Number of protein chains: 2
Amino acid sequence: MSQQQPPVNEGILFADLYELTMAQLYLRTGMHDRHAQFSAFYRHNPDFGGHQAGYCVTAGLDDLLAWMARAMPAQADLDALGSLANATGGRLFDDAFLDWLGDQGGFPGVRILTPAEGRVIHPNAPFAIVDGPLASAQLLETALLNHLNYPTLIATRATRIKQAARGGSVVDFGMRRGHARGVNAGSRAALIGGLDGTSNTGEALVLGAEPKGTHAHSLVQAFMAAGMDELDAFRAYADTYPDDCLLLLDTVDTLHSGLPNAITVFEELRRAGHRPRGVRLDSGDLAYLAIQVAKELDRAGFEDVPITLSNQLDELTIWQILEQIEDEAPRYDVAPQPLIARLGYGVGTRLLTSHGAPALDGVYKLVALERDDGWAAAIKRSDTVGKATTPGPNRVYRVYDARGMATADLITLADEEPAREAPLRLRHPVERTSRTLEPSDVGGIEPLMEVAWEDGHRTGEPPDLATLRERRHRDEERLDPGVRRLINPHIYHVSLSSALWSLKQGLLTGSTGGDDSVNV
Amino acid sequence: MSQQQPPVNEGILFADLYELTMAQLYLRTGMHDRHAQFSAFYRHNPDFGGHQAGYCVTAGLDDLLAWMARAMPAQADLDALGSLANATGGRLFDDAFLDWLGDQGGFPGVRILTPAEGRVIHPNAPFAIVDGPLASAQLLETALLNHLNYPTLIATRATRIKQAARGGSVVDFGMRRGHARGVNAGSRAALIGGLDGTSNTGEALVLGAEPKGTHAHSLVQAFMAAGMDELDAFRAYADTYPDDCLLLLDTVDTLHSGLPNAITVFEELRRAGHRPRGVRLDSGDLAYLAIQVAKELDRAGFEDVPITLSNQLDELTIWQILEQIEDEAPRYDVAPQPLIARLGYGVGTRLLTSHGAPALDGVYKLVALERDDGWAAAIKRSDTVGKATTPGPNRVYRVYDARGMATADLITLADEEPAREAPLRLRHPVERTSRTLEPSDVGGIEPLMEVAWEDGHRTGEPPDLATLRERRHRDEERLDPGVRRLINPHIYHVSLSSALWSLKQGLLTGSTGGDDSVNV
């Protein structure tokens with residue numbers, strides 16, 4: 001795709017104003033080029049009310065890096081910003097600052113370290129470390145959080161919905177209710193999170209995926225209003241798409257009209273040598289209707305025709321529907337497991353708007369600033385110990401147990417390198433407790449942070465969707481099932497190294513000296 | 001701004017796939033050019049859990065019309081779509097369809113009627129009527145809902161938050177947690193809904209508004225890590241922005257560090273002839289802290305310095321904070337009303353993600369199709385009476401009482417024209433009850449739907465923000481206070497004309513004849 005100049009609201013000024021006012025202050029005071037480190041992390045896994053995630057799946061990095069490459073400051077940006085007045089009518093931003101901003105294309109000097117997109121991540125461990133000149137790294141805050149918070153939320157939700165579906169195909173139908181143009185990032189994240197398709201045509205095509213969809217109630221209504229009937233509409237659909245015929249049954253009456261009409265058309269297709277692709281149910285008691293529909297399809301010899309369910313679905317609703325089917329199907333002489341195996345799902349609003357928890361609480365905190373005598377850690381003193389930022393600079397390692405399962409994420413100082421040979425001490429981030437893993441308990445220690453952006457460019461090619469999905473899948477397999485539980489999941493440990501724990505305690509208690517920073 | 005060719009995921013293929021598969025079917029069957037009417041409406045005011053809206057404010061129309069003008073089908077779109085395979089490896093879309101789609105630039109023949117952007121709207125009354133060739137009008141469904149659902153949700157939430165603030169200034173800080181690029185539409189909608197500013201720099205500049213913001217905790221942390229302190233950071237801020245100095249107090253300790261340091265700097269500014277602009281509190285018990293901060297600012301002679309509160313605010317939290325201040329301030333010899341009058345608010349995540357109700361349930365339904373003998377109304381028979389679509393074609397009128405207050409929205413057939421001279425019968429949409437207004441009870445009957453798009457173009461210039469805000473404000477003033485109540489609002493009446501009610505009942509009960517449509 002050609003690199004077009006983004007409009008003013010999508011380029012370098014896609015930022016909270018305070019990033020710019022702070023950057024100008026840093027320029028005025030000569031602090032702008034001081035080497036700084038910021039950490040982006042989230043504090044809590046999404047809690048949907050009655051159920052909550054036990055982990056997250058990071059997504060959005062590719063969009064962030066593409067934005068950083070595209071957001072070259074243009075004259076239109078500088079003119080617009082230069083036009084802003086302060087409270088007494090003078091200029092809010094002066095020429096020196098606009099000159100500086102004009103040179104920020106590619107965020108010079110900024111380096112970003114992140115877990116690879118699609119990896120499982122956990123609260124309070126950085127999902128991005130930004131390292132670079134203070135003003136440039138500050139300038140990136142809003143765009144970085146915006147590009148990562150929402151997609152991570154949706155990739156996470158998608159893994160949960162897919163898990164509830166017990167292997168059934170799940171397709172994203174959410175673009176009509178999602179948040180304006182944000183749905184493109186949402187549909188992409190849903191696919192990263194494991195969904196099998198999206199109805200979002202343009203985004204699917206950009207990603208090299210196949211968009212999904214067949215017809216709405218309006219098709220049947222149009223035929224009826226034109227003086228024909230549901231059967232005519234189904235026949236027209238089968239004529240147009242003989243090898244892709246999936247029919248929506250509930251426009252008139254699911255069991256008394258949609259289903260018999262669909263069977264009629266499927267029989268016609270079969271005689272003509274085509275294989276029907278499925279039916280969809282979009283209202284009513286989906287569990288009960290799925291049982292009745294399966295029974296009749298079976299009777300007509302369409303045991304292999306999939307049944308797609310849709311209508312305000314999320315992980316708990318899908319779970320409950322499957323529970324109900326297991327309980328209720330035998331009463332109608334329908335075997336529950338084969339029925340469950342032929343079910344697919346369309347999920348929309350509740351996925352793309354993350355119903356119950358529509359935001360991930362990702363933040364971006366200054367953790368270290370370079371001084372003549374080395375790095376000084378930064379901490380926000382007013383926070384309670386539990387909320388205090390982990391001082392930096394940091395790195396994150398994933399520790400696997402002897403079975404190869406992830407057992408903890410370990411946050412360290414940047415220059416520590418945890419070794420498998422020695423006992424590994426994992427400090428609780430707040431309490432004085434710790435856990436020690438003997439070398440025989442440790443199956444592997446994996447550095448999680450990779451350089452994603454350096455020297456004004458992304459470090460790698462954009463990943464393809466298959467790579468991202470495989471990466472997520474591998475991480476999911478190495479999560480304890482308790483952590484993946486849909487309700488009240490087991491807590492995954494995020495620990496500090498001893499050196500980092502001591503630094504943090506020292507900063508919080510002021511025991512490291514009179515000033516509020518410390519050399520590390 | 002130049003009209004750039006949008007990328008494949010933002011142009012004509014910003015659509016659910018089924019809009020395209022249905023359009024191809026209509027083309028194959030020759031139904032594509034039949035004149036059709038679709039209605040977009042929402043069924044329920046947003047319910048945030050424990051509190052709910054009594055109305056909505058429509059927003060997003062300008063973005064929709066701009067998208068329609070910009071979404072000219074390009075070769076890249078047609079090539080991408082043409083590459084899709086069906087289940088047996090053949091092409092899903094044929095050349096005839098791609099030719100038709102290539103000619104859909106400007107949605108030829110489509111006319112859109114809507115209430116003007118910024119108007120108050122109500123459930124079940126159309127917020128858009130789309131009239132045009134069946135396939136073209138169907139093609140528009142996803143984009144129309146996407147462009148209107150989310151902004152309407154946010155404009156509505158903004159009015160509620162602004163109402164809770166009792167006239168205090170409220171600024172949108174939500175872009176870091178909002179849904180990817182959707183935040184631009186959200187920030188714009190927040191301003192339409194009455195917010196006083198946004199931190200979203202680019203979007204504010206595009207709208208001709210002033211972006212808002214000062215500094216983050218990271219500014220103070222950077223100074224501290226550099227070996228200086230909070231007072232140095234505040235002084236640097238005041239030096240850089242002497243006439244725009246608003247200081248964030250809670251990086252170290254609000255009452256024992258931030259506040260005294262701010263007062264020191266404010267005194268220095270005052271001596272130099274500058275007026276301090278405010279303080280911001282972002283953590284802790286905001287009501288208690290606001291009282292203490294006000295007391296100390298007053299003591300230092302800064303009675304006119306505003307106090308901005310932020311941190312997970314929404315309408316209920318603001319309401320509770322103000323209640324607490326009214327109760328608690330006198331105990332500290334602080335007068336509550338002057339304190340409340342100097343408060344401002346930063347609202348972020350809970351506004352832009354509409355916490356509690358992250359989606360508006362707007363739908364797009366076929367309501368009528370033209371036949372040789374006139375319009376045939378369409379209805380979805382499987383729906384319960386309460387959920388059944390109002391058959392069309394329709395218009396919407398707002399009925400004002402003798403005081404000039406809006407008393408009901410009346411949905412009529414397209415060719416009815418309710419008159420002030422005769423008694424006006426308002427039918428309940430579902431029940432057999434009705435209400436009759438005598439001419440003396442009626443202060444005015446206003447047609448609500450205006451033509452927004454016709455002949456391939458928007459009918460008017462893009463509205464400026466001030467016009468939209470004024471329009472919303474006028475509608476709010478004409479809403480009964482009970483309907484605007486933040487919790488358990490009074491229900492606003494949306495009624496049907498007698499002719500429309502009879503049509504709907506006839507279609508639902510089948511009493512209009514053997515086929516499922518009726519001439520109107």
# chains A, B, ... in the order shown; residues from 1 in each chain; ligands from 1
$ residues_around --residues "Ala341 of chain B" --least-positions-apart "3" --cutoff "9 Å" --atoms "only C-alpha atoms" --output "list in words"
Arg166, Gly167, Gly168, Pro306, Pro336, Gln337, Pro338 and Gly344 of chain B
$ select_by_dssp --residues "segment 119-267 of chain A" --states "helix (DSSP H, G or I)" --output "PyMOL selection string"
chain A and resi 134-139+141-164+174-176+182-192+201-207+217-225+230-240+254-267
$ closest_residue --among "A:Arg160, A:His51, A:His44, A:His274" --to "chain B" --atoms "only C-alpha atoms"
A:His274
$ select_by_dssp --residues "segment 154-338 of chain A" --states "strand (DSSP E or B)" --output "PyMOL selection string"
chain A and resi 169-172+197-198+200+211+246-248+278-281+307-310
$ write_last_selection --atoms "all heavy atoms" --output "compact mmCIF listing (two decimals), in the first residue's frame"
# COMPACT_ATOMS: atom_id res chain seq x y z
N SER A 169 -16.03 -23.39 15.34
CA SER A 169 -15.60 -22.22 14.59
C SER A 169 -16.30 -20.97 15.13
O SER A 169 -17.50 -20.98 15.40
CB SER A 169 -15.96 -22.44 13.11
OG SER A 169 -15.71 -21.27 12.38
N VAL A 170 -15.55 -19.88 15.32
CA VAL A 170 -16.12 -18.64 15.82
C VAL A 170 -15.75 -17.50 14.88
O VAL A 170 -14.57 -17.33 14.55
CB VAL A 170 -15.62 -18.30 17.24
CG1 VAL A 170 -16.36 -17.09 17.79
CG2 VAL A 170 -15.77 -19.48 18.19
N VAL A 171 -16.74 -16.76 14.45
CA VAL A 171 -16.53 -15.67 13.50
C VAL A 171 -16.94 -14.34 14.13
O VAL A 171 -17.96 -14.27 14.80
CB VAL A 171 -17.32 -15.92 12.19
CG1 VAL A 171 -17.22 -14.74 11.25
CG2 VAL A 171 -16.82 -17.19 11.51
N ASP A 172 -16.13 -13.31 13.91
CA ASP A 172 -16.41 -11.95 14.40
C ASP A 172 -17.43 -11.27 13.50
O ASP A 172 -17.20 -11.09 12.31
CB ASP A 172 -15.08 -11.17 14.42
CG ASP A 172 -15.26 -9.67 14.25
OD1 ASP A 172 -16.21 -9.12 14.84
OD2 ASP A 172 -14.44 -9.05 13.55
N GLY A 197 -12.62 -16.33 11.78
CA GLY A 197 -12.95 -15.47 10.65
C GLY A 197 -13.58 -14.19 11.14
O GLY A 197 -13.87 -14.04 12.32
N THR A 198 -13.77 -13.27 10.20
CA THR A 198 -14.44 -12.01 10.50
C THR A 198 -15.32 -11.65 9.32
O THR A 198 -14.99 -11.97 8.18
CB THR A 198 -13.44 -10.87 10.79
OG1 THR A 198 -14.18 -9.65 10.95
CG2 THR A 198 -12.45 -10.67 9.63
N ASN A 200 -15.71 -8.61 8.58
CA ASN A 200 -15.15 -7.32 8.17
C ASN A 200 -14.37 -7.51 6.87
O ASN A 200 -13.20 -7.89 6.88
CB ASN A 200 -14.27 -6.80 9.30
CG ASN A 200 -13.67 -5.43 9.03
OD1 ASN A 200 -13.53 -5.01 7.88
ND2 ASN A 200 -13.32 -4.72 10.09
N PRO A 211 -12.95 -13.11 4.34
CA PRO A 211 -14.11 -12.60 5.08
C PRO A 211 -15.25 -13.60 5.04
O PRO A 211 -15.34 -14.40 4.12
CB PRO A 211 -14.47 -11.32 4.32
CG PRO A 211 -13.91 -11.51 2.94
CD PRO A 211 -12.70 -12.37 3.09
N LEU A 246 -25.40 -21.22 3.02
CA LEU A 246 -25.67 -21.21 4.45
C LEU A 246 -26.89 -20.32 4.66
O LEU A 246 -26.87 -19.15 4.29
CB LEU A 246 -24.44 -20.69 5.21
CG LEU A 246 -24.44 -20.86 6.73
CD1 LEU A 246 -23.02 -20.86 7.28
CD2 LEU A 246 -25.26 -19.80 7.45
N LEU A 247 -27.95 -20.88 5.22
CA LEU A 247 -29.24 -20.18 5.27
C LEU A 247 -29.61 -19.76 6.69
O LEU A 247 -29.44 -20.54 7.63
CB LEU A 247 -30.32 -21.08 4.67
CG LEU A 247 -30.10 -21.46 3.19
CD1 LEU A 247 -31.09 -22.54 2.76
CD2 LEU A 247 -30.19 -20.24 2.28
N LEU A 248 -30.14 -18.57 6.81
CA LEU A 248 -30.58 -18.02 8.09
C LEU A 248 -32.04 -18.40 8.30
O LEU A 248 -32.90 -18.06 7.48
CB LEU A 248 -30.41 -16.50 8.05
CG LEU A 248 -30.88 -15.67 9.23
CD1 LEU A 248 -30.17 -16.09 10.51
CD2 LEU A 248 -30.64 -14.19 8.94
N GLY A 278 -24.53 -24.94 5.60
CA GLY A 278 -24.95 -24.73 6.98
C GLY A 278 -26.22 -23.94 7.13
O GLY A 278 -26.82 -23.47 6.16
N VAL A 279 -26.64 -23.84 8.39
CA VAL A 279 -27.78 -22.99 8.75
C VAL A 279 -27.34 -22.08 9.89
O VAL A 279 -26.37 -22.37 10.59
CB VAL A 279 -29.00 -23.83 9.20
CG1 VAL A 279 -29.52 -24.68 8.06
CG2 VAL A 279 -28.65 -24.68 10.41
N ARG A 280 -28.06 -20.97 10.03
CA ARG A 280 -27.75 -20.06 11.14
C ARG A 280 -29.03 -19.74 11.90
O ARG A 280 -30.08 -19.53 11.28
CB ARG A 280 -27.10 -18.77 10.63
CG ARG A 280 -26.79 -17.77 11.75
CD ARG A 280 -25.72 -16.74 11.36
NE ARG A 280 -26.18 -15.74 10.43
CZ ARG A 280 -26.63 -14.52 10.76
NH1 ARG A 280 -26.71 -14.17 12.03
NH2 ARG A 280 -27.00 -13.67 9.83
N LEU A 281 -28.92 -19.72 13.23
CA LEU A 281 -30.02 -19.36 14.12
C LEU A 281 -29.64 -18.08 14.84
O LEU A 281 -28.57 -18.00 15.44
CB LEU A 281 -30.24 -20.48 15.15
CG LEU A 281 -30.31 -21.91 14.60
CD1 LEU A 281 -30.43 -22.91 15.74
CD2 LEU A 281 -31.49 -22.02 13.64
N ILE A 307 -24.25 -25.97 12.11
CA ILE A 307 -25.28 -25.07 12.65
C ILE A 307 -24.56 -23.90 13.33
O ILE A 307 -23.80 -24.11 14.28
CB ILE A 307 -26.17 -25.80 13.67
CG1 ILE A 307 -26.85 -27.01 13.00
CG2 ILE A 307 -27.19 -24.86 14.29
CD1 ILE A 307 -27.55 -27.95 13.99
N THR A 308 -24.78 -22.71 12.82
CA THR A 308 -24.14 -21.52 13.40
C THR A 308 -25.14 -20.80 14.29
O THR A 308 -26.29 -20.60 13.91
CB THR A 308 -23.67 -20.56 12.29
OG1 THR A 308 -22.67 -21.22 11.51
CG2 THR A 308 -23.07 -19.29 12.88
N LEU A 309 -24.67 -20.43 15.48
CA LEU A 309 -25.50 -19.68 16.43
C LEU A 309 -24.99 -18.24 16.51
O LEU A 309 -23.78 -18.01 16.49
CB LEU A 309 -25.43 -20.32 17.82
CG LEU A 309 -25.70 -21.83 17.89
CD1 LEU A 309 -25.59 -22.31 19.34
CD2 LEU A 309 -27.05 -22.18 17.29
N SER A 310 -25.91 -17.30 16.61
CA SER A 310 -25.50 -15.91 16.83
C SER A 310 -26.59 -15.20 17.62
O SER A 310 -27.68 -15.73 17.77
CB SER A 310 -25.24 -15.20 15.49
OG SER A 310 -26.36 -15.24 14.65
$ residues_around --residues "segment 63-65 of chain A" --least-positions-apart "3" --cutoff "10 Å" --atoms "only C-alpha atoms" --output "PyMOL selection string"
(chain A and resi 59-60+68-71+106+112+143-148+151+185+188+452-453+457-459+462) or (chain B and resi 180)
$ residues_around --residues "Asp95 of chain A" --least-positions-apart "6" --cutoff "12 Å" --atoms "only C-alpha atoms" --output "JSON, numbers by chain"
{"A": [24, 27, 28, 78, 79, 81, 82, 83, 101, 102]}
$ residues_around --residues "Ala137 of chain A" --least-positions-apart "5" --cutoff "10 Å" --atoms "only C-alpha atoms" --output "list in words"
Glu19, Ala23, His32, Asp33, His35, Ala36, Gln37, Phe38, Phe107, Pro108, Gly109, Val110, Arg111, Ile112, Val130, Asp131, Gly132 and Leu366 of chain A
